[in-house]
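Worksheet for the structure shown next.
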Amino acid sequence: MPIIVNLDVIMAKRKVSLNELSERVNLTLSNLSILKTGKAKAIRFSTLEAICKALDCQPSDILEYVKDENVSTNG
(Lines give C-alpha, C1' and ligand atoms only; values in the text may rest on other atoms or scores of the structure.)
Protein backbone atom coordinates (compact mmCIF):
# COMPACT_ATOMS: atom_id res chain seq x y z
CA MET A 1 0.00 0.00 0.00
CA PRO A 2 1.44 3.38 -0.96
CA ILE A 3 0.18 5.11 2.22
CA ILE A 4 2.57 4.57 5.12
CA VAL A 5 1.42 5.19 8.70
CA ASN A 6 4.20 6.63 10.86
CA LEU A 7 2.18 6.83 14.06
CA ASP A 8 4.62 4.64 15.96
CA VAL A 9 7.51 6.96 15.03
CA ILE A 10 5.68 10.08 16.22
CA MET A 11 4.57 8.33 19.41
CA ALA A 12 8.18 7.35 20.14
CA LYS A 13 9.41 10.90 19.48
CA ARG A 14 6.77 12.28 21.85
CA LYS A 15 7.36 9.45 24.37
CA VAL A 16 3.65 8.60 24.40
CA SER A 17 2.48 5.04 24.99
CA LEU A 18 -0.38 3.35 23.19
CA ASN A 19 -2.39 3.34 26.43
CA GLU A 20 -1.80 7.06 26.98
CA LEU A 21 -2.72 8.00 23.42
CA SER A 22 -5.80 5.78 23.61
CA GLU A 23 -7.00 7.71 26.63
CA ARG A 24 -6.18 11.11 25.11
CA VAL A 25 -8.07 10.50 21.85
CA ASN A 26 -10.80 8.25 23.25
CA LEU A 27 -10.07 5.30 20.94
CA THR A 28 -9.93 1.65 21.91
CA LEU A 29 -6.49 0.09 22.17
CA SER A 30 -7.37 -2.36 19.39
CA ASN A 31 -8.44 0.36 16.94
CA LEU A 32 -5.38 2.45 17.74
CA SER A 33 -3.16 -0.61 17.36
CA ILE A 34 -4.66 -1.37 13.93
CA LEU A 35 -3.87 2.18 12.87
CA LYS A 36 -0.38 2.12 14.40
CA THR A 37 0.57 -1.11 12.60
CA GLY A 38 -0.64 0.22 9.24
CA LYS A 39 -3.45 -2.32 8.93
CA ALA A 40 -6.24 0.26 8.88
CA LYS A 41 -8.16 0.71 5.63
CA ALA A 42 -9.38 4.20 6.51
CA ILE A 43 -9.25 6.92 9.16
CA ARG A 44 -11.84 9.53 10.02
CA PHE A 45 -10.72 13.14 9.86
CA SER A 46 -12.01 13.61 13.41
CA THR A 47 -9.74 10.77 14.58
CA LEU A 48 -6.77 12.17 12.67
CA GLU A 49 -7.46 15.60 14.17
CA ALA A 50 -7.62 14.17 17.71
CA ILE A 51 -4.34 12.29 17.22
CA CYS A 52 -2.61 15.36 15.80
CA LYS A 53 -3.86 17.46 18.71
CA ALA A 54 -2.75 14.87 21.28
CA LEU A 55 0.69 14.46 19.71
CA ASP A 56 1.14 18.10 18.65
CA CYS A 57 1.87 17.17 15.05
CA GLN A 58 0.59 17.55 11.49
CA PRO A 59 -1.27 14.86 9.49
CA SER A 60 1.77 14.65 7.21
CA ASP A 61 3.84 13.58 10.23
CA ILE A 62 1.58 10.53 10.60
CA LEU A 63 0.64 9.70 7.00
CA GLU A 64 3.10 9.44 4.14
CA TYR A 65 2.51 8.69 0.46
CA VAL A 66 5.09 6.47 -1.21
CA LYS A 67 4.73 5.83 -4.92
CA ASP A 68 4.29 2.12 -5.63
CA GLU A 69 6.70 1.37 -8.47
CA ASN A 70 5.07 -2.04 -9.09
CA VAL A 71 1.70 -0.59 -10.14
CA SER A 72 1.22 0.06 -13.85
CA THR A 73 -0.39 3.38 -14.73
CA ASN A 74 -1.31 2.16 -18.24
CA GLY A 75 -4.78 0.66 -17.54
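By convention here, the chains of the C-alpha coordinates are called A, B, ... in the order presented, each chain's residues are numbered starting at 1, and ligands are numbered starting at 1 in the order presented.
Once A:Gly38 and its same-chain neighbours fewer than 5 positions away are set aside, A:Ile3, A:Ile4, A:Val5, A:Asn6, A:Leu7, A:Ser33 remain within 9 Å of it when counting only C-alpha atoms.
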Query raised in the report: Which residues in chain A does DSSP call alpha helix (DSSP H)? List them as an NGL selection string.
Result: :A and (7-14 or 18-25 or 29-36 or 45-55 or 59-62)
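The smallest atom-to-atom distance between A:Asn31 and any of A:Val66, A:Leu18, A:Ile10, A:Ala50, using only C-alpha atoms, is found for A:Leu18.
Reported to one decimal place, the separation of atom CA of A:Glu69 from atom CA of A:Asp8 is 24.7 Å.
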Query - Members of chain A assigned strand (DSSP E) by DSSP, as a PyMOL selection string - result: chain A and resi 3-5+63-65
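Comparing the minimum interatomic distances between A:Ile43 and each of A:Arg24, A:Leu29, A:Leu63, A:Arg14, counting only C-alpha atoms, we find that A:Leu63 sits nearest.
Between atom CA of A:Ser30 and atom CA of A:Ser60 the separation is 22.8 Å.
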